[in-house]
Number of protein chains: 4
Amino acid sequence: MSEALRVGVAGATGYAGRELVRLLARHPGAALRVATVSTPADESREVPSLRGVWKGGFRPLALDELSALSAVFLALPESVAAKVAPTLVDAGVRVFDLSGAFRLRDAEARKRWYPESPELSRDGVVYGLTEMHRDELPGAKLVTCPGCYPTAALLALGPLVAANLLAPGQGVIVDAKSGISGAGKAPSTRTHFSELHGNVAAYGIFGHRHVAEMEQDLGRSVTFVPHLVPLNRGILETIYAQLAGGVTDADVSGALQAAYADAPFVRLTGSTLPEIQDVAYTNFCDIGWKVDAATGRLVVVACLDNLLKGAAGQAVQNFNVAFGLDEREGLE
Amino acid sequence: MSEALRVGVAGATGYAGRELVRLLARHPGAALRVATVSTPADESREVPSLRGVWKGGFRPLALDELSALSAVFLALPESVAAKVAPTLVDAGVRVFDLSGAFRLRDAEARKRWYPESPELSRDGVVYGLTEMHRDELPGAKLVTCPGCYPTAALLALGPLVAANLLAPGQGVIVDAKSGISGAGKAPSTRTHFSELHGNVAAYGIFGHRHVAEMEQDLGRSVTFVPHLVPLNRGILETIYAQLAGGVTDADVSGALQAAYADAPFVRLTGSTLPEIQDVAYTNFCDIGWKVDAATGRLVVVACLDNLLKGAAGQAVQNFNVAFGLDEREGLE
Amino acid sequence: MSEALRVGVAGATGYAGRELVRLLARHPGAALRVATVSTPADESREVPSLRGVWKGGFRPLALDELSALSAVFLALPESVAAKVAPTLVDAGVRVFDLSGAFRLRDAEARKRWYPESPELSRDGVVYGLTEMHRDELPGAKLVTCPGCYPTAALLALGPLVAANLLAPGQGVIVDAKSGISGAGKAPSTRTHFSELHGNVAAYGIFGHRHVAEMEQDLGRSVTFVPHLVPLNRGILETIYAQLAGGVTDADVSGALQAAYADAPFVRLTGSTLPEIQDVAYTNFCDIGWKVDAATGRLVVVACLDNLLKGAAGQAVQNFNVAFGLDEREGLE
Amino acid sequence: MSEALRVGVAGATGYAGRELVRLLARHPGAALRVATVSTPADESREVPSLRGVWKGGFRPLALDELSALSAVFLALPESVAAKVAPTLVDAGVRVFDLSGAFRLRDAEARKRWYPESPELSRDGVVYGLTEMHRDELPGAKLVTCPGCYPTAALLALGPLVAANLLAPGQGVIVDAKSGISGAGKAPSTRTHFSELHGNVAAYGIFGHRHVAEMEQDLGRSVTFVPHLVPLNRGILETIYAQLAGGVTDADVSGALQAAYADAPFVRLTGSTLPEIQDVAYTNFCDIGWKVDAATGRLVVVACLDNLLKGAAGQAVQNFNVAFGLDEREGLE
């Protein structure tokens, strides 16, 4: 094996950060050198799940240290990522950013949803939905990894939009059920165990910034309602759309199969609908669907692990593709 | 207090049946006399949660015994309820049926979705969505209690349809998240703990018979996708509809407030969306909503406890109204 | 019915406080007049589960207002209860305190485990384990309600100790599994949903103050290990003890049956071991046991709902007995 | 890399079997050739979690086919394993048996707890608690992998017994909290989701056959009470023992550290007690402890994933050691 690429993780003790550390510490093509934390108290704190996995400890974020690496993964708040990423890019480091700071191409939209995000040049910025942008990744300077909700929605609908299978001019509805790890590690009343056990709660209706990210790539309006469901890891999205006239179940099936014929992490389940339990703790996105032939109504169900395919896993997948490694390396 | 009404429960050891026994054993206006089971083995089986609550034991279903009562609650499979109910009605017993056997008015629809259901006369049959049919209940011979899913959807949308607030000719989407007790007490792979913990699963797309029940009262097409979520009691429905031109949030609010001003078990939460935890183990149905003024899109969220307001509780509520008792008796 | 007793709840928006409000708002023998909160922000905050149940709002704690009532329930931190209770007692109010401030009779122990607790006179103070102190309750000025863990342990072991059935001089082990609501409503990393889903965690080994409360009434050493288990309401305790020579299963059974023959809220399940699901949302404590005849080893399993029989429910039960009402009033 | 060893899994669709397939399909030193099922219907059934992981399908168990392999993993009922294993051993196949059929060395004990188990020669049979029997594994013909409960208990207590740190002649208590996957995939009322959500249940007191397995290696009596807790994967055991006179916390710590200095899958957490969440989906067993110096009471807490370190993972670990591979291969 050729020499491993030297990499670092910034924001290593958040939920996505821990997954990055876990994946990269064992990645055969990567040598994890630095894991940084933002709070000094976290430097000496032990992450129990990483005992025996990552022995390198946690250090404060130092840009010069990170600048000496081949690649850096950012699992930071938007405002911090927005500052750190350009410096690293300028230093020639390949950056894989898990925040939303760079996802929106439109400056107006970015200002509305990510006001902390800079007016940076988008030269070399690639939207890291691996399956859709695989060819652009090797040339990327900064890979802006998609949000967990958009990853599922775009993988499910992207090929159907591209093949013009959806009724033109009509919006789609994305009803998402999400595990709680997506809310991060900071305690709050909303994420207090007693407030979620035996509970389901909708939130963010008409006001979630992932809508902009979905609409950006789908080119149509999206009604998006996320829900907290009492589990830890995984998202299931139930997507409602109207097919264009004459479009059949076979057309839907054909478009999806063509899109993912060579995608190791997208599994099409056909009319057997996918479930969170089969993707949790994996990098798979499973997609199934049903068509009501009489009315042309389409329901697509897509699910993934929000911390893996929806965050750290996809970031590593992008890293693999960007550096010419096997796409699956370190992810199985 | 006047003498308590003599009542019985048929099918007393299923999940809805147990709730009926628990509620009626303590109901100040009812004297529970008989609780029947269908399986001889169940006669001697103890239901731990009813220890110290119901000491009358369980007996096999005997029509002559039930015929001597003032009211009988049926928590039976459709095919059994379809046979038992007419006999009891003929004997002058007021019947409160929790099965689907009598819910659909249209004979064709009934034949399709409930083939075991009889071609009975519908004289004296009242659809027991209490808030909508309160005035008909005192004259009812047989109250056919709504399904758990339709109860939430109809309470949420009924007043809006009645006030012509929804865009004409357009369907609505009902995305439901249901606790597992709705599947009943029979073990199966689908309801095996290990298959549901940490999981969400959609089922019954385009083929659930509750759709017919919703469409019957809403007069428009319904796309309904129920999901199993990992909790025991409660349903949350996220309902997507398009408002008619010019209809505002205030119109929606006004219609719902007018409809439920005197309804003790419907709580309107406005733009604070309701959650399952606040209705579980109660007979409440909580309803909240959001309107996107720019596009006229409406999202209504309704939730209830599937075994109470969605089954046993609503049956007792109907019993109270039918016999002129306080609607809340035995339900608080 | 005679006129209802005027009561108040101090600390009404904590988890135990909400249960007190819910129970007392519907209690036929009590008229809830005041519900206080400690944080001004909580005064205008709505508790969704109390919508339609308690319409009296929340006010700041005012001693003169509470002093005009017949009884006040305190669901306050120890340090606050320790200050408030004596004043109310002096004003002639019957106080039902859910905190630990007054539970320990020994001044040394109290100083160690509850340093915020006063050196008050213990005249008129009754330890409110209802089944054990029923006769003292009518004369009580201050009822110090037991902790949730001691309630289960003492109900399980008390009659066996009293009948000298346990091997003298030997300690007992109490291994408790508790739902998370026992930790209260304040968010923390420990009670963050993602840290408890799919998890079990022991805590407080050799250092939990409920040990002193158990030892006080059992007169022997207790090794107590509580665990957090991923559910919201309920405690199950598995208790290990050695029987005295010659003591049989029948002796154990006899002692427990004699103790609880007239106790409406203790259910003995014999060798069928009790489970949390049958006591959650009730005021029951269920107790079962197994004896290994060859070795004299005894395992007792006891369970209850920590917010009801372990807190608010038992407080109301004490209130009922103290005022000569039916013990079950408002609790079914 | 040298040529991969040809292996098979018998009983591939049970919960432990699926984990074996998942691990071995990706194991760099093993070439999974055959996965068998016992029910013909299972041959064509898809295991959704294995989509894209194992493409070899499922076949009926054929002894001649398995006999051509280097190693076979048996995830079968005891009665079937008891019949299959000797045949494979005779054919020269290294057998890794996950059932209990061969675990007990004493013929009397085996007859009592595993009456279906044969009076086979124990020549070449090694008890596969890897950390304790690492040196015997290379010579093993049949590795009888420990039960999930004994694995945790023996790893926690074994070194303390070996160092004579426990009070002689005194029994230990093992209070176990287990996720539901340990009960297997067959639906039952006991494992019905609605019967376990929000529940804890003790079972098998004084009658669980894992007691014999613990006592066999500890040489002292064990009181063992397993409990079902509402999660899927993982076991936490709280173990109560009395230290011998003069034994200190440092002695306990020293014995455990010496025992596991080179064990990659045992992590000692000291007085920070381990939790299930940190071992779930891993092959780690985490062990922590507390000593009450004044009384010599010891509490040890050990946890592991019942399907990995408690079943499939440990079997693969044994396979690695038996064949001279890196102990961690395929397990990270």
# chains A, B, ... in the order shown; residues from 1 in each chain; ligands from 1
$ select_by_dssp --residues "stretch 149-324 of chain C" --states "strand (DSSP E or B)" --output "NGL selection string"
:C and (166 or 172-178 or 192 or 201-202 or 222-228 or 235-243 or 266-270 or 285-292 or 297-304)
$ residues_around --residues "C:Phe73" --least-positions-apart "4" --cutoff "6 Å" --atoms "only C-alpha atoms" --output "list in words"
Val9, Phe96 and Asp97 of chain C
$ closest_atom_pairs --of "chain B" --to "chain C" --cutoff "10 Å" --atoms "only C-alpha atoms" --output "JSON lines"
{"residue": "B:Arg22", "atom": "CA", "partner": "C:Glu332", "partner_atom": "CA", "distance": 9.7}
{"residue": "B:Leu23", "atom": "CA", "partner": "C:Glu332", "partner_atom": "CA", "distance": 9.7}
{"residue": "B:Arg26", "atom": "CA", "partner": "C:Glu332", "partner_atom": "CA", "distance": 7.6}
{"residue": "B:Val47", "atom": "CA", "partner": "C:Asp278", "partner_atom": "CA", "distance": 9.1}
{"residue": "B:Pro48", "atom": "CA", "partner": "C:Asp278", "partner_atom": "CA", "distance": 6.2}
{"residue": "B:Ser49", "atom": "CA", "partner": "C:Asp278", "partner_atom": "CA", "distance": 4.5}
{"residue": "B:Leu50", "atom": "CA", "partner": "C:Asp278", "partner_atom": "CA", "distance": 8.2}
{"residue": "B:Arg51", "atom": "CA", "partner": "C:Arg267", "partner_atom": "CA", "distance": 7.4}
{"residue": "B:Gly52", "atom": "CA", "partner": "C:Arg267", "partner_atom": "CA", "distance": 7.3}
{"residue": "B:Val53", "atom": "CA", "partner": "C:Glu332", "partner_atom": "CA", "distance": 8.9}
{"residue": "B:His197", "atom": "CA", "partner": "C:Gly198", "partner_atom": "CA", "distance": 8.7}
{"residue": "B:Gly198", "atom": "CA", "partner": "C:Gly198", "partner_atom": "CA", "distance": 8.3}
{"residue": "B:Pro264", "atom": "CA", "partner": "C:Gly52", "partner_atom": "CA", "distance": 7.6}
{"residue": "B:Phe265", "atom": "CA", "partner": "C:Gly52", "partner_atom": "CA", "distance": 8.3}
{"residue": "B:Val266", "atom": "CA", "partner": "C:Gly52", "partner_atom": "CA", "distance": 9.1}
{"residue": "B:Arg267", "atom": "CA", "partner": "C:Gly52", "partner_atom": "CA", "distance": 7.3}
{"residue": "B:Leu268", "atom": "CA", "partner": "C:Arg51", "partner_atom": "CA", "distance": 9.5}
{"residue": "B:Thr269", "atom": "CA", "partner": "C:Pro48", "partner_atom": "CA", "distance": 8.7}
{"residue": "B:Thr272", "atom": "CA", "partner": "C:Pro48", "partner_atom": "CA", "distance": 9.7}
{"residue": "B:Pro274", "atom": "CA", "partner": "C:Pro48", "partner_atom": "CA", "distance": 8.2}
{"residue": "B:Glu275", "atom": "CA", "partner": "C:Pro48", "partner_atom": "CA", "distance": 8.8}
{"residue": "B:Ile276", "atom": "CA", "partner": "C:Ser49", "partner_atom": "CA", "distance": 9.9}
{"residue": "B:Gln277", "atom": "CA", "partner": "C:Ser49", "partner_atom": "CA", "distance": 7.8}
{"residue": "B:Asp278", "atom": "CA", "partner": "C:Ser49", "partner_atom": "CA", "distance": 4.5}
{"residue": "B:Val279", "atom": "CA", "partner": "C:Ser49", "partner_atom": "CA", "distance": 7.1}
{"residue": "B:Ala280", "atom": "CA", "partner": "C:Ser49", "partner_atom": "CA", "distance": 9.3}
{"residue": "B:Tyr281", "atom": "CA", "partner": "C:Tyr281", "partner_atom": "CA", "distance": 8.2}
{"residue": "B:Thr282", "atom": "CA", "partner": "C:Ser49", "partner_atom": "CA", "distance": 9.4}
{"residue": "B:Phe284", "atom": "CA", "partner": "C:Gly52", "partner_atom": "CA", "distance": 9.2}
{"residue": "B:Asp286", "atom": "CA", "partner": "C:Pro48", "partner_atom": "CA", "distance": 9.7}
{"residue": "B:Gly330", "atom": "CA", "partner": "C:Glu332", "partner_atom": "CA", "distance": 10.0}
{"residue": "B:Glu332", "atom": "CA", "partner": "C:Arg26", "partner_atom": "CA", "distance": 7.6}
$ residues_around --residues "C:Pro146" --least-positions-apart "3" --cutoff "8 Å" --atoms "only C-alpha atoms" --output "ChimeraX atom specification"
/C:98,100,103,127-129,150-151,310-311
$ atom_distance --atom1 "atom CA of D:Val172" --atom2 "atom CA of D:Tyr149"
14.2 Å
$ residues_around --residues "B:Val211" --least-positions-apart "5" --cutoff "12 Å" --atoms "only C-alpha atoms" --output "JSON, numbers by chain"
{"B": [103, 104, 109, 113, 146, 147, 148, 149, 150, 151, 153, 154, 171, 172, 173, 174, 175, 176, 204, 205, 206, 216, 217, 218, 219, 220, 221, 222, 223, 224, 225, 226]}
$ write_last_selection --atoms "N, CA and C atoms" --output "mmCIF file, in the first residue's frame"
data_model
loop_
_atom_site.group_PDB
_atom_site.id
_atom_site.type_symbol
_atom_site.label_atom_id
_atom_site.label_comp_id
_atom_site.auth_asym_id
_atom_site.auth_seq_id
_atom_site.Cartn_x
_atom_site.Cartn_y
_atom_site.Cartn_z
ATOM 1 N N ARG B 103 -68.472 0.741 9.584
ATOM 2 C CA ARG B 103 -68.096 2.146 9.410
ATOM 3 C C ARG B 103 -68.435 2.721 8.049
ATOM 4 N N LEU B 104 -68.328 1.919 7.003
ATOM 5 C CA LEU B 104 -68.512 2.464 5.658
ATOM 6 C C LEU B 104 -69.990 2.407 5.262
ATOM 7 N N ALA B 109 -68.010 0.002 -1.165
ATOM 8 C CA ALA B 109 -66.774 0.206 -0.407
ATOM 9 C C ALA B 109 -66.686 -0.811 0.727
ATOM 10 N N TRP B 113 -63.527 -3.345 1.325
ATOM 11 C CA TRP B 113 -62.588 -3.221 2.430
ATOM 12 C C TRP B 113 -62.940 -4.108 3.617
ATOM 13 N N PRO B 146 -65.114 5.224 15.093
ATOM 14 C CA PRO B 146 -64.146 5.404 14.000
ATOM 15 C C PRO B 146 -62.815 4.704 14.275
ATOM 16 N N GLY B 147 -62.091 4.476 13.207
ATOM 17 C CA GLY B 147 -60.726 3.986 13.342
ATOM 18 C C GLY B 147 -59.839 5.053 13.959
ATOM 19 N N CYS B 148 -58.701 4.613 14.480
ATOM 20 C CA CYS B 148 -57.807 5.563 15.143
ATOM 21 C C CYS B 148 -57.263 6.600 14.168
ATOM 22 N N TYR B 149 -56.850 6.161 12.973
ATOM 23 C CA TYR B 149 -56.312 7.112 12.006
ATOM 24 C C TYR B 149 -57.388 8.098 11.529
ATOM 25 N N PRO B 150 -58.579 7.610 11.132
ATOM 26 C CA PRO B 150 -59.604 8.566 10.692
ATOM 27 C C PRO B 150 -60.026 9.537 11.790
ATOM 28 N N THR B 151 -60.031 9.099 13.049
ATOM 29 C CA THR B 151 -60.440 10.026 14.108
ATOM 30 C C THR B 151 -59.588 11.290 14.074
ATOM 31 N N ALA B 153 -57.620 12.423 11.582
ATOM 32 C CA ALA B 153 -57.695 13.140 10.304
ATOM 33 C C ALA B 153 -59.017 13.891 10.167
ATOM 34 N N LEU B 154 -60.110 13.265 10.588
ATOM 35 C CA LEU B 154 -61.420 13.902 10.424
ATOM 36 C C LEU B 154 -61.607 15.044 11.409
ATOM 37 N N GLY B 171 -56.674 16.681 -3.624
ATOM 38 C CA GLY B 171 -56.551 15.690 -2.560
ATOM 39 C C GLY B 171 -55.747 16.210 -1.386
ATOM 40 N N VAL B 172 -55.797 15.455 -0.315
ATOM 41 C CA VAL B 172 -54.967 15.780 0.839
ATOM 42 C C VAL B 172 -54.049 14.599 1.114
ATOM 43 N N ILE B 173 -52.976 14.882 1.820
ATOM 44 C CA ILE B 173 -52.012 13.843 2.190
ATOM 45 C C ILE B 173 -51.999 13.708 3.698
ATOM 46 N N VAL B 174 -52.127 12.477 4.158
ATOM 47 C CA VAL B 174 -52.085 12.204 5.600
ATOM 48 C C VAL B 174 -50.906 11.283 5.867
ATOM 49 N N ASP B 175 -49.878 11.833 6.499
ATOM 50 C CA ASP B 175 -48.694 11.036 6.843
ATOM 51 C C ASP B 175 -48.784 10.761 8.338
ATOM 52 N N ALA B 176 -49.014 9.497 8.694
ATOM 53 C CA ALA B 176 -49.275 9.148 10.096
ATOM 54 C C ALA B 176 -48.121 8.387 10.706
ATOM 55 N N GLY B 204 -48.611 -0.235 4.140
ATOM 56 C CA GLY B 204 -49.981 -0.046 3.673
ATOM 57 C C GLY B 204 -50.193 1.092 2.685
ATOM 58 N N ILE B 205 -49.134 1.515 1.994
ATOM 59 C CA ILE B 205 -49.290 2.632 1.058
ATOM 60 C C ILE B 205 -50.281 2.271 -0.053
ATOM 61 N N PHE B 206 -51.215 3.144 -0.321
ATOM 62 C CA PHE B 206 -52.256 2.973 -1.343
ATOM 63 C C PHE B 206 -53.168 1.783 -1.056
ATOM 64 N N GLN B 216 -64.717 9.008 2.864
ATOM 65 C CA GLN B 216 -66.169 9.011 3.027
ATOM 66 C C GLN B 216 -66.656 10.313 3.652
ATOM 67 N N ASP B 217 -65.949 10.799 4.644
ATOM 68 C CA ASP B 217 -66.426 12.000 5.333
ATOM 69 C C ASP B 217 -65.796 13.287 4.826
ATOM 70 N N LEU B 218 -64.666 13.169 4.113
ATOM 71 C CA LEU B 218 -64.021 14.388 3.631
ATOM 72 C C LEU B 218 -64.448 14.739 2.213
ATOM 73 N N GLY B 219 -64.945 13.737 1.485
ATOM 74 C CA GLY B 219 -65.396 14.016 0.138
ATOM 75 C C GLY B 219 -64.291 14.403 -0.820
ATOM 76 N N ARG B 220 -63.096 13.958 -0.552
ATOM 77 C CA ARG B 220 -61.983 14.208 -1.477
ATOM 78 C C ARG B 220 -60.939 13.105 -1.322
ATOM 79 N N SER B 221 -60.079 12.996 -2.299
ATOM 80 C CA SER B 221 -59.126 11.883 -2.271
ATOM 81 C C SER B 221 -58.063 12.109 -1.191
ATOM 82 N N VAL B 222 -57.667 11.024 -0.576
ATOM 83 C CA VAL B 222 -56.692 11.065 0.498
ATOM 84 C C VAL B 222 -55.533 10.133 0.146
ATOM 85 N N THR B 223 -54.318 10.662 0.169
ATOM 86 C CA THR B 223 -53.129 9.808 0.098
ATOM 87 C C THR B 223 -52.680 9.582 1.518
ATOM 88 N N PHE B 224 -52.693 8.328 1.932
ATOM 89 C CA PHE B 224 -52.472 8.013 3.349
ATOM 90 C C PHE B 224 -51.305 7.056 3.485
ATOM 91 N N VAL B 225 -50.289 7.465 4.241
ATOM 92 C CA VAL B 225 -49.166 6.568 4.511
ATOM 93 C C VAL B 225 -48.942 6.475 6.025
ATOM 94 N N PRO B 226 -49.318 5.347 6.595
ATOM 95 C CA PRO B 226 -49.023 5.147 8.020
ATOM 96 C C PRO B 226 -47.617 4.590 8.208
#
$ residues_around --residues "stretch 79-91 of chain A" --least-positions-apart "5" --cutoff "10 Å" --atoms "only C-alpha atoms" --output "ChimeraX atom specification"
/A:10-11,38,61-64,66-74,96-102,114-121,124,141-142
$ residues_around --residues "stretch 251-257 of chain A" --least-positions-apart "5" --cutoff "7 Å" --atoms "only C-alpha atoms" --output "ChimeraX atom specification"
/A:159-160,163
$ write_last_selection --atoms "N, CA, C and O atoms" --output "short mmCIF file (atom, residue, chain, number, x, y, z; two decimals), in the first residue's frame"
data_model
loop_
_atom_site.label_atom_id
_atom_site.label_comp_id
_atom_site.auth_asym_id
_atom_site.auth_seq_id
_atom_site.Cartn_x
_atom_site.Cartn_y
_atom_site.Cartn_z
N PRO A 159 -32.65 11.58 -9.64
CA PRO A 159 -32.74 10.91 -10.94
C PRO A 159 -34.11 11.06 -11.59
O PRO A 159 -34.22 11.05 -12.82
N LEU A 160 -35.17 11.24 -10.78
CA LEU A 160 -36.50 11.39 -11.37
C LEU A 160 -36.66 12.78 -11.97
O LEU A 160 -37.29 12.94 -13.03
N ALA A 163 -34.69 12.91 -15.20
CA ALA A 163 -35.34 12.20 -16.31
C ALA A 163 -36.70 12.78 -16.64
O ALA A 163 -37.47 12.19 -17.40
#
$ closest_residue --among "B:His27, B:Gly246, B:Arg6, B:Ala315" --to "B:Asn164" --atoms "only C-alpha atoms"
B:Gly246
$ residues_around --residues "D:Ser271" --least-positions-apart "5" --cutoff "7 Å" --atoms "only C-alpha atoms" --output "list in words"
Gly288, Trp289 and Lys290 of chain D
$ write_last_selection --atoms "C-alpha atoms" --output "CSV table (one decimal), in the first residue's frame"
chain,number,residue,atom,x,y,z
D,288,GLY,CA,-15.5,-0.9,35.8
D,289,TRP,CA,-15.7,-1.3,39.5
D,290,LYS,CA,-16.2,0.3,42.9
$ select_by_dssp --residues "stretch 44-231 of chain B" --states "helix (DSSP H, G or I)" --output "VMD selection string"
chain B and resid 48 to 50 63 to 67 78 to 90 107 to 113 130 to 139 148 to 162 180 to 183 193 to 196 210 to 218
$ write_last_selection --atoms "C-alpha atoms" --output "PDB file, in the first residue's frame"
ATOM      1  CA  PRO B  48     -51.688  -7.993  35.304  1.00  0.00           C
ATOM      2  CA  SER B  49     -52.622  -4.390  34.643  1.00  0.00           C
ATOM      3  CA  LEU B  50     -56.219  -5.157  35.679  1.00  0.00           C
ATOM      4  CA  LEU B  63     -75.291 -13.674  23.478  1.00  0.00           C
ATOM      5  CA  ASP B  64     -78.122 -14.202  25.915  1.00  0.00           C
ATOM      6  CA  GLU B  65     -76.035 -12.891  28.762  1.00  0.00           C
ATOM      7  CA  LEU B  66     -75.040  -9.804  26.805  1.00  0.00           C
ATOM      8  CA  SER B  67     -78.619  -9.305  25.620  1.00  0.00           C
ATOM      9  CA  GLU B  78     -64.684  -7.433  12.174  1.00  0.00           C
ATOM     10  CA  SER B  79     -66.074 -10.824  11.241  1.00  0.00           C
ATOM     11  CA  VAL B  80     -67.245 -11.544  14.779  1.00  0.00           C
ATOM     12  CA  ALA B  81     -68.574  -8.063  15.396  1.00  0.00           C
ATOM     13  CA  ALA B  82     -70.515  -8.282  12.157  1.00  0.00           C
ATOM     14  CA  LYS B  83     -72.349 -11.335  13.482  1.00  0.00           C
ATOM     15  CA  VAL B  84     -72.787 -10.331  17.089  1.00  0.00           C
ATOM     16  CA  ALA B  85     -73.884  -6.732  16.721  1.00  0.00           C
ATOM     17  CA  PRO B  86     -77.202  -7.239  14.835  1.00  0.00           C
ATOM     18  CA  THR B  87     -78.390  -9.818  17.382  1.00  0.00           C
ATOM     19  CA  LEU B  88     -77.699  -7.482  20.250  1.00  0.00           C
ATOM     20  CA  VAL B  89     -79.354  -4.577  18.476  1.00  0.00           C
ATOM     21  CA  ASP B  90     -82.426  -6.713  17.898  1.00  0.00           C
ATOM     22  CA  ALA B 107     -72.099  -0.990   0.206  1.00  0.00           C
ATOM     23  CA  GLU B 108     -69.518  -1.263  -2.550  1.00  0.00           C
ATOM     24  CA  ALA B 109     -66.774   0.206  -0.407  1.00  0.00           C
ATOM     25  CA  ARG B 110     -67.805  -2.004   2.473  1.00  0.00           C
ATOM     26  CA  LYS B 111     -67.636  -5.078   0.291  1.00  0.00           C
ATOM     27  CA  ARG B 112     -64.170  -4.119  -0.885  1.00  0.00           C
ATOM     28  CA  TRP B 113     -62.588  -3.221   2.430  1.00  0.00           C
ATOM     29  CA  THR B 130     -68.356  12.167  18.896  1.00  0.00           C
ATOM     30  CA  GLU B 131     -67.612  15.784  18.091  1.00  0.00           C
ATOM     31  CA  MET B 132     -69.223  15.536  14.657  1.00  0.00           C
ATOM     32  CA  HIS B 133     -72.248  13.399  15.458  1.00  0.00           C
ATOM     33  CA  ARG B 134     -73.058  14.342  19.021  1.00  0.00           C
ATOM     34  CA  ASP B 135     -76.698  15.058  18.246  1.00  0.00           C
ATOM     35  CA  GLU B 136     -77.337  11.704  16.602  1.00  0.00           C
ATOM     36  CA  LEU B 137     -75.907   9.602  19.392  1.00  0.00           C
ATOM     37  CA  PRO B 138     -78.900   9.647  21.776  1.00  0.00           C
ATOM     38  CA  GLY B 139     -80.992   7.928  19.102  1.00  0.00           C
ATOM     39  CA  CYS B 148     -57.807   5.563  15.143  1.00  0.00           C
ATOM     40  CA  TYR B 149     -56.312   7.112  12.006  1.00  0.00           C
ATOM     41  CA  PRO B 150     -59.604   8.566  10.692  1.00  0.00           C
ATOM     42  CA  THR B 151     -60.440  10.026  14.108  1.00  0.00           C
ATOM     43  CA  ALA B 152     -57.401  12.292  14.003  1.00  0.00           C
ATOM     44  CA  ALA B 153     -57.695  13.140  10.304  1.00  0.00           C
ATOM     45  CA  LEU B 154     -61.420  13.902  10.424  1.00  0.00           C
ATOM     46  CA  LEU B 155     -61.197  15.997  13.573  1.00  0.00           C
ATOM     47  CA  ALA B 156     -58.402  17.978  11.930  1.00  0.00           C
ATOM     48  CA  LEU B 157     -59.913  18.445   8.495  1.00  0.00           C
ATOM     49  CA  GLY B 158     -63.660  18.096   9.001  1.00  0.00           C
ATOM     50  CA  PRO B 159     -64.306  21.712  10.018  1.00  0.00           C
ATOM     51  CA  LEU B 160     -62.103  23.009   7.203  1.00  0.00           C
ATOM     52  CA  VAL B 161     -63.963  20.992   4.609  1.00  0.00           C
ATOM     53  CA  ALA B 162     -67.316  22.036   6.056  1.00  0.00           C
ATOM     54  CA  ILE B 180     -47.263  -0.134  18.042  1.00  0.00           C
ATOM     55  CA  SER B 181     -50.209  -0.918  20.302  1.00  0.00           C
ATOM     56  CA  GLY B 182     -52.382  -0.139  17.283  1.00  0.00           C
ATOM     57  CA  ALA B 183     -51.253  -3.448  15.822  1.00  0.00           C
ATOM     58  CA  PHE B 193     -39.323  -5.703  19.686  1.00  0.00           C
ATOM     59  CA  SER B 194     -35.993  -6.169  17.947  1.00  0.00           C
ATOM     60  CA  GLU B 195     -37.534  -5.279  14.592  1.00  0.00           C
ATOM     61  CA  LEU B 196     -38.912  -1.953  15.788  1.00  0.00           C
ATOM     62  CA  HIS B 210     -58.813   3.619   6.706  1.00  0.00           C
ATOM     63  CA  VAL B 211     -58.466   5.656   3.504  1.00  0.00           C
ATOM     64  CA  ALA B 212     -62.024   4.796   2.560  1.00  0.00           C
ATOM     65  CA  GLU B 213     -63.212   5.922   5.950  1.00  0.00           C
ATOM     66  CA  MET B 214     -61.413   9.247   5.618  1.00  0.00           C
ATOM     67  CA  GLU B 215     -62.593   9.864   2.072  1.00  0.00           C
ATOM     68  CA  GLN B 216     -66.169   9.011   3.027  1.00  0.00           C
ATOM     69  CA  ASP B 217     -66.426  12.000   5.333  1.00  0.00           C
ATOM     70  CA  LEU B 218     -64.021  14.388   3.631  1.00  0.00           C
TER      71      LEU B 218
END
$ atom_distance --atom1 "atom CA of D:Thr248" --atom2 "atom CA of D:Ala293"
7.0 Å
